[in-house]
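File shown: data03.cif (mmCIF, C-alpha atoms).
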data_protein
#
loop_
_atom_site.label_atom_id
_atom_site.label_comp_id
_atom_site.auth_asym_id
_atom_site.auth_seq_id
_atom_site.Cartn_x
_atom_site.Cartn_y
_atom_site.Cartn_z
CA MET A 1 0.00 0.00 0.00
CA THR A 2 1.21 3.49 -0.83
CA ASP A 3 2.59 5.47 2.10
CA ARG A 4 -0.05 7.71 3.71
CA ALA A 5 2.21 10.73 3.37
CA LEU A 6 2.22 10.28 -0.41
CA VAL A 7 -1.58 10.01 -0.43
CA GLU A 8 -1.79 13.29 1.49
CA GLN A 9 0.73 14.90 -0.87
CA ALA A 10 -1.24 13.87 -3.95
CA ALA A 11 -4.48 15.14 -2.39
CA LYS A 12 -2.83 18.49 -1.67
CA ILE A 13 -1.62 18.81 -5.26
CA LEU A 14 -5.15 18.28 -6.59
CA ARG A 15 -6.63 20.64 -4.01
CA GLU A 16 -4.16 23.39 -4.91
CA ALA A 17 -4.90 22.88 -8.62
CA THR A 18 -8.61 23.38 -7.90
CA GLU A 19 -8.01 26.47 -5.80
CA SER A 20 -5.59 28.09 -8.25
CA GLY A 21 -7.31 27.07 -11.47
CA GLN A 22 -3.97 25.76 -12.72
CA VAL A 23 -3.66 22.18 -13.97
CA CYS A 24 -1.14 19.81 -12.42
CA ASP A 25 0.91 16.77 -13.42
CA PRO A 26 -0.58 13.28 -13.02
CA VAL A 27 -0.64 12.26 -9.37
CA ARG A 28 0.23 8.69 -10.27
CA GLU A 29 3.79 9.98 -10.47
CA VAL A 30 3.58 11.01 -6.82
CA VAL A 31 2.08 7.79 -5.42
CA GLY A 32 4.02 5.44 -7.69
CA THR A 33 1.09 3.53 -9.16
CA ALA A 34 -1.21 4.04 -12.12
CA THR A 35 -3.47 1.06 -11.46
CA ASP A 36 -4.14 0.71 -7.71
CA ILE A 37 -7.71 2.01 -7.57
CA ASP A 38 -7.78 1.90 -3.76
CA VAL A 39 -4.95 4.44 -3.68
CA GLY A 40 -7.03 6.68 -5.91
CA TYR A 41 -10.02 6.43 -3.57
CA ALA A 42 -7.80 7.14 -0.56
CA ILE A 43 -6.66 10.38 -2.20
CA GLN A 44 -10.21 11.27 -3.19
CA GLN A 45 -11.45 10.67 0.37
CA VAL A 46 -8.87 13.06 1.86
CA ASN A 47 -10.27 15.94 -0.18
CA THR A 48 -13.90 14.88 0.24
CA ASP A 49 -13.47 14.89 4.02
CA LEU A 50 -11.86 18.32 3.91
CA ASP A 51 -14.68 19.65 1.71
CA VAL A 52 -17.35 18.35 4.07
CA ALA A 53 -15.48 19.71 7.09
CA GLY A 54 -15.33 23.05 5.31
CA GLY A 55 -19.10 23.18 4.93
CA ARG A 56 -19.79 21.73 1.48
CA ARG A 57 -22.94 19.61 1.38
CA VAL A 58 -22.91 16.26 -0.42
CA SER A 59 -25.76 15.99 -2.94
CA GLY A 60 -25.06 12.52 -4.33
CA ARG A 61 -22.58 10.51 -6.37
CA LYS A 62 -21.52 10.17 -9.98
CA ILE A 63 -20.52 7.07 -11.86
CA GLY A 64 -17.68 7.32 -14.34
CA VAL A 65 -15.84 5.08 -16.78
CA THR A 66 -19.00 3.20 -17.80
CA SER A 67 -17.80 2.93 -21.41
CA ARG A 68 -15.90 -0.24 -22.30
CA ALA A 69 -13.66 1.78 -24.64
CA VAL A 70 -12.70 4.19 -21.85
CA GLN A 71 -12.13 1.31 -19.42
CA GLU A 72 -9.71 -0.26 -21.88
CA GLN A 73 -8.02 3.09 -22.41
CA ILE A 74 -7.18 3.56 -18.73
CA GLY A 75 -6.69 -0.11 -17.91
CA VAL A 76 -9.64 -1.14 -15.73
CA ASP A 77 -12.59 -3.50 -15.93
CA GLN A 78 -15.02 -1.57 -13.73
CA PRO A 79 -16.52 1.90 -13.38
CA ASP A 80 -15.51 4.43 -10.74
CA TYR A 81 -17.37 6.97 -8.63
CA GLY A 82 -17.01 10.50 -7.33
CA THR A 83 -18.84 12.74 -4.88
CA LEU A 84 -21.33 15.38 -5.98
CA PHE A 85 -21.77 18.57 -3.96
CA VAL A 86 -24.70 20.99 -3.96
CA ASP A 87 -22.52 23.81 -5.31
CA MET A 88 -21.80 21.68 -8.41
CA GLU A 89 -25.50 21.44 -9.29
CA PHE A 90 -27.21 23.72 -11.82
CA GLY A 91 -30.79 23.71 -13.04
CA ASP A 92 -32.03 23.47 -16.60
CA GLY A 93 -31.08 26.56 -18.62
CA ILE A 94 -28.91 28.15 -15.90
CA GLU A 95 -25.61 29.56 -17.13
CA LEU A 96 -22.44 27.80 -16.00
CA PRO A 97 -19.58 30.07 -14.88
CA ILE A 98 -16.52 29.43 -17.01
CA SER A 99 -14.44 30.44 -13.98
CA ARG A 100 -15.43 27.12 -12.37
CA LEU A 101 -14.01 25.09 -15.25
CA MET A 102 -10.53 24.18 -16.46
CA GLN A 103 -10.65 21.56 -19.25
CA PRO A 104 -14.41 20.93 -19.52
CA ARG A 105 -16.11 18.23 -21.55
CA ALA A 106 -19.86 17.61 -21.71
CA GLU A 107 -21.65 14.28 -21.69
CA ALA A 108 -25.34 13.41 -21.60
CA GLU A 109 -26.58 11.14 -18.82
CA VAL A 110 -29.63 9.84 -17.01
CA ALA A 111 -29.82 11.17 -13.45
CA LEU A 112 -31.75 9.37 -10.71
CA VAL A 113 -33.05 10.90 -7.50
CA LEU A 114 -33.50 8.45 -4.64
CA GLU A 115 -36.58 8.17 -2.42
CA HIS A 116 -35.12 5.51 -0.11
CA ASP A 117 -31.71 4.57 1.28
CA LEU A 118 -29.70 1.89 -0.51
CA ASP A 119 -27.80 0.36 2.41
CA LYS A 120 -28.44 -3.37 2.09
CA GLY A 121 -24.87 -4.27 1.17
CA GLU A 122 -25.76 -6.30 -1.88
CA HIS A 123 -28.70 -4.92 -3.85
CA SER A 124 -31.09 -6.41 -6.35
CA PHE A 125 -32.26 -4.72 -9.53
CA ALA A 126 -35.68 -4.45 -7.90
CA ASP A 127 -34.12 -2.65 -4.91
CA ILE A 128 -32.88 0.06 -7.26
CA VAL A 129 -36.27 0.40 -8.94
CA ARG A 130 -38.07 0.66 -5.58
CA ALA A 131 -35.59 3.18 -4.21
CA THR A 132 -35.76 5.58 -7.18
CA ALA A 133 -38.20 8.46 -6.86
CA PHE A 134 -37.75 9.62 -10.46
CA ALA A 135 -35.33 10.12 -13.33
CA LEU A 136 -34.17 13.39 -14.91
CA PRO A 137 -32.35 14.28 -18.11
CA SER A 138 -28.91 15.61 -17.27
CA ILE A 139 -25.64 16.94 -18.59
CA GLU A 140 -22.44 16.28 -16.72
CA VAL A 141 -19.61 18.70 -17.36
CA VAL A 142 -16.62 16.56 -16.52
CA ASP A 143 -13.33 18.29 -15.85
CA SER A 144 -9.79 17.34 -14.98
CA ARG A 145 -7.20 18.98 -12.82
CA ILE A 146 -4.62 16.82 -14.63
CA ALA A 147 -2.89 18.65 -17.49
CA GLY A 148 -4.03 17.55 -20.94
CA TRP A 149 -6.35 14.89 -19.51
CA ASP A 150 -3.26 12.68 -19.17
CA ILE A 151 -5.02 10.24 -16.84
CA ARG A 152 -4.91 6.65 -15.74
CA ILE A 153 -7.37 5.16 -13.29
CA VAL A 154 -5.51 6.40 -10.18
CA ASP A 155 -5.49 9.95 -11.53
CA THR A 156 -9.18 10.18 -12.36
CA VAL A 157 -10.36 8.45 -9.18
CA ALA A 158 -8.09 10.66 -7.06
CA ASP A 159 -9.48 13.68 -8.92
CA ASN A 160 -13.01 12.89 -7.67
CA ALA A 161 -13.72 10.87 -10.82
CA SER A 162 -13.02 14.00 -12.90
CA CYS A 163 -16.08 15.79 -11.49
CA GLY A 164 -16.78 19.31 -12.68
CA LEU A 165 -20.40 20.49 -12.65
CA TYR A 166 -23.74 18.89 -13.46
CA VAL A 167 -27.03 20.14 -14.86
CA LEU A 168 -30.44 18.63 -14.12
CA GLY A 169 -33.64 18.89 -16.13
CA GLY A 170 -36.66 20.23 -14.29
CA LYS A 171 -39.36 17.66 -15.18
CA PRO A 172 -39.16 14.49 -13.04
CA VAL A 173 -40.20 11.29 -14.81
CA PRO A 174 -41.26 8.17 -12.85
CA LEU A 175 -39.53 4.96 -13.98
CA ARG A 176 -42.90 3.49 -14.98
CA ASP A 177 -43.18 6.14 -17.70
CA VAL A 178 -39.85 5.58 -19.43
CA ASP A 179 -37.69 2.66 -20.60
CA LEU A 180 -34.21 3.78 -19.60
CA ARG A 181 -32.53 0.87 -21.41
CA THR A 182 -33.80 1.83 -24.88
CA ILE A 183 -34.07 5.59 -24.43
CA PRO A 184 -32.35 7.49 -27.28
CA MET A 185 -29.94 10.34 -26.59
CA SER A 186 -28.83 13.17 -28.83
CA MET A 187 -26.51 15.95 -27.66
CA THR A 188 -25.93 19.13 -29.63
CA LEU A 189 -23.24 21.77 -29.26
CA GLY A 190 -24.16 25.11 -30.80
CA GLY A 191 -27.02 23.42 -32.63
CA GLU A 192 -24.84 20.72 -34.21
CA GLU A 193 -25.29 17.09 -33.15
CA VAL A 194 -22.02 15.92 -31.61
CA SER A 195 -22.97 12.81 -29.61
CA THR A 196 -25.62 10.10 -29.80
CA GLY A 197 -26.38 6.94 -27.87
CA GLU A 198 -28.98 5.06 -25.87
CA GLY A 199 -29.55 3.88 -22.33
CA ALA A 200 -28.01 0.47 -22.96
CA ALA A 201 -24.63 2.18 -23.54
CA CYS A 202 -24.43 2.73 -19.77
CA LEU A 203 -23.41 -0.75 -18.49
CA GLY A 204 -26.36 -2.23 -20.36
CA HIS A 205 -28.91 -0.12 -18.44
CA PRO A 206 -28.58 3.00 -16.25
CA LEU A 207 -30.17 1.05 -13.39
CA HIS A 208 -27.41 -1.58 -13.65
CA ALA A 209 -24.91 1.25 -13.17
CA ALA A 210 -26.86 2.49 -10.15
CA ARG A 211 -26.88 -1.04 -8.72
CA TRP A 212 -23.09 -1.23 -9.06
CA LEU A 213 -22.79 2.11 -7.27
CA ALA A 214 -25.17 1.09 -4.46
CA ASP A 215 -23.19 -2.09 -3.80
CA THR A 216 -19.84 -0.29 -3.98
CA MET A 217 -20.86 2.56 -1.68
CA SER A 218 -22.28 0.11 0.88
CA GLU A 219 -19.06 -1.90 0.77
CA ARG A 220 -17.04 1.27 1.40
CA GLY A 221 -19.22 2.31 4.34
CA THR A 222 -20.89 5.34 2.75
CA PRO A 223 -24.22 4.04 1.39
CA LEU A 224 -26.49 6.02 -0.87
CA ARG A 225 -29.23 7.87 0.99
CA ALA A 226 -32.73 9.14 0.25
CA GLY A 227 -32.51 12.42 -1.64
CA ASP A 228 -29.18 11.60 -3.27
CA VAL A 229 -28.68 12.40 -6.94
CA VAL A 230 -27.05 9.58 -8.90
CA MET A 231 -25.43 10.51 -12.20
CA THR A 232 -25.43 7.12 -13.88
CA GLY A 233 -22.87 7.61 -16.66
CA ALA A 234 -22.60 8.82 -20.23
CA LEU A 235 -24.85 7.46 -22.99
CA GLY A 236 -22.50 8.66 -25.72
CA PRO A 237 -19.08 10.23 -26.30
CA MET A 238 -18.08 13.31 -24.29
CA LYS A 239 -17.20 16.48 -26.16
CA PRO A 240 -14.97 19.43 -25.22
CA ILE A 241 -16.82 22.67 -24.52
CA ALA A 242 -15.68 26.27 -24.11
CA ALA A 243 -16.85 29.70 -23.04
CA GLY A 244 -20.03 30.76 -24.82
CA ASP A 245 -21.09 27.24 -25.83
CA THR A 246 -24.68 26.03 -25.58
CA VAL A 247 -25.25 22.32 -24.93
CA VAL A 248 -28.62 20.60 -25.36
CA ALA A 249 -29.26 16.94 -24.54
CA THR A 250 -32.49 15.24 -25.63
CA PHE A 251 -33.58 11.85 -24.27
CA GLY A 252 -36.88 10.86 -25.91
CA ASP A 253 -39.57 10.32 -23.27
CA LEU A 254 -37.23 11.56 -20.53
CA GLY A 255 -37.15 15.06 -22.03
CA THR A 256 -34.52 17.69 -22.73
CA VAL A 257 -31.98 19.63 -20.68
CA THR A 258 -30.02 22.69 -21.76
CA THR A 259 -27.02 24.56 -20.43
CA HIS A 260 -24.90 27.49 -21.55
CA VAL A 261 -21.32 28.28 -20.58
CA SER A 262 -20.71 31.93 -19.69
CA PRO A 263 -18.66 34.03 -22.13
#

As structure tokens, the full file:
Amino acid sequence: MTDRALVEQAAKILREATESGQVCDPVREVVGTATDIDVGYAIQQVNTDLDVAGGRRVSGRKIGVTSRAVQEQIGVDQPDYGTLFVDMEFGDGIELPISRLMQPRAEAEVALVLEHDLDKGEHSFADIVRATAFALPSIEVVDSRIAGWDIRIVDTVADNASCGLYVLGGKPVPLRDVDLRTIPMSMTLGGEEVSTGEGAACLGHPLHAARWLADTMSERGTPLRAGDVVMTGALGPMKPIAAGDTVVATFGDLGTVTTHVSP
């Protein structure tokens, strides 16, 4: 296991990058591993604990690396997760401040909002269905503190799963009214379609991704709770965005969500 002092050092580097708005080198070079995912989570937890102690409120969790192609790229066979905070959340149509972003990329996702805790340890598919109050269309603006997105699994996990900001649609849809597995997705950037996909692109079904997250969070002692937002993972390729861009994601029966990056 990596020395705790190195974990703390890596966490500090990422924290200072966030505070300064200046990207940093990959933290895998600090901790001496690119593949030990537990080291990445240890680094992530240091900064999460400091954020909570400093008054930030946790609003949920995000799932990342749900694409098989991305998993192969960074050398893993499973997704990862990061922590969402209330100050990361924006409503449909609200402008995103470019000052909060460094190397932003947008991806379209299904978001779930939980009505019940998911703390059973091992969860069934039915547990996830019962626990979900409703689904929302969403856009995640992923970001990286690592220069040039030069990441392996340790880097992205340490960097809070490359969390940036997230945008939620305003019309909740009960699961009985939408088939999340077959739902189509189209994302446009400045009116031009740049990404397409469907629900099955997210680990076969967004609820499968949520089940993985529920089991993983229970195993790590921080189970999902009622009211949590779960960003289930991208349904299509992410795309770089910049100041002044408008992003629109449309999800069939789930509806549409729009965001605009400030000039």

Legend entry - Expected selection from the PyMOL selection byres ((chain A and resi 66) around 12), given as a ChimeraX atom specification: /A:62-65,67-74,76-81,109,161,199-206,208-210,212-213,231-237

Legend entry - Expected selection from the PyMOL selection byres ((chain A and resi 51) around 12), given as a list of chain:residue names: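 For this structure, the PyMOL selection byres ((chain A and resi 51) around 12) captures A:Ala11, A:Arg15, A:Thr18, A:Gln44, A:Gln45, A:Val46, A:Asn47, A:Thr48, A:Asp49, A:Leu50, A:Val52, A:Ala53, A:Gly54, A:Gly55, A:Arg56, A:Arg57, A:Val58, A:Thr83, A:Leu84, A:Phe85, A:Val86, A:Asp87, A:Asn160.
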
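Nearest to Ile94 (chain A) of all the residues A:Leu168, A:Leu6, A:Leu114, A:Ala147 is A:Leu168, based on only C-alpha atoms.
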
Inset, instruction - Spell out the residues picked by the PyMOL selection byres ((chain A and resi 174) around 10) here, as a PyMOL selection string. - result: chain A and resi 112+132-136+171-173+175-178+254

Those same residues - C-alpha atoms - I'd like them written as a CSV table (one decimal), in the coordinates of the input.
chain,number,residue,atom,x,y,z
A,112,LEU,CA,-31.8,9.4,-10.7
A,132,THR,CA,-35.8,5.6,-7.2
A,133,ALA,CA,-38.2,8.5,-6.9
A,134,PHE,CA,-37.8,9.6,-10.5
A,135,ALA,CA,-35.3,10.1,-13.3
A,136,LEU,CA,-34.2,13.4,-14.9
A,171,LYS,CA,-39.4,17.7,-15.2
A,172,PRO,CA,-39.2,14.5,-13.0
A,173,VAL,CA,-40.2,11.3,-14.8
A,175,LEU,CA,-39.5,5.0,-14.0
A,176,ARG,CA,-42.9,3.5,-15.0
A,177,ASP,CA,-43.2,6.1,-17.7
A,178,VAL,CA,-39.8,5.6,-19.4
A,254,LEU,CA,-37.2,11.6,-20.5

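Neighbouring residues of Ala126 (chain A) at 12 Å or closer, counting all atoms listed in the file and skipping chain neighbours under 2 positions away, are Leu118, Glu122, His123, Ser124, Ile128, Val129, Arg130, Ala131, Thr132, Leu175, Leu207, His208, Ala210 and Arg211 of chain A.
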
Inset, instruction - Could you check which of A:Asp228, A:Glu192, A:Glu140, A:Asp36 is closest to Asp92 (chain A), using all atoms listed in the file? - result: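 The answer is A:Glu140, which sits nearest to Asp92 (chain A).
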
Legend entry - Option closest in space to Ser262 (chain A), from A:Ile43, A:Lys239, A:Arg100, A:Val23 [counting only C-alpha atoms]: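 Distance minimum relative to Ser262 (chain A) lands on A:Arg100.
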
Inset, instruction - Point out the residue among A:Glu19, A:Glu8, A:Asp38, A:Asp3 with the least atom-to-atom distance to Val157 (chain A), counting all atoms listed in the file. - result: A:Asp38

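Of the residues listed (A:Thr156, A:Thr35, A:Ser144, A:Ser138), A:Ser138 shows the shortest atom-to-atom separation from Phe251 (chain A); distances use only C-alpha atoms.
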
Inset, instruction - Check the smallest atom-to-atom distance from each of A:Arg181, A:Arg225, A:Arg145, A:Arg152 to Ala17 (chain A) using all atoms listed in the file, then report the winner. - result: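 So, comparing all the options, the nearest one is A:Arg145.
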
Legend entry - d(CA of Gly82 (chain A), CA of Leu101 (chain A)) in Å: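 Separating CA of Gly82 (chain A) from CA of Leu101 (chain A) is a distance of 16.9 Å.
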
Could you put an axis-aligned box around every listed atom of region 94-108 of chain A, padded by 6 Å on each side, and send me its centre and edge lengths in Å to one decimal, as AutoDock Vina command-line options?
--center_x -19.7 --center_y 21.9 --center_z -17.0 --size_x 30.4 --size_y 29.0 --size_z 21.3
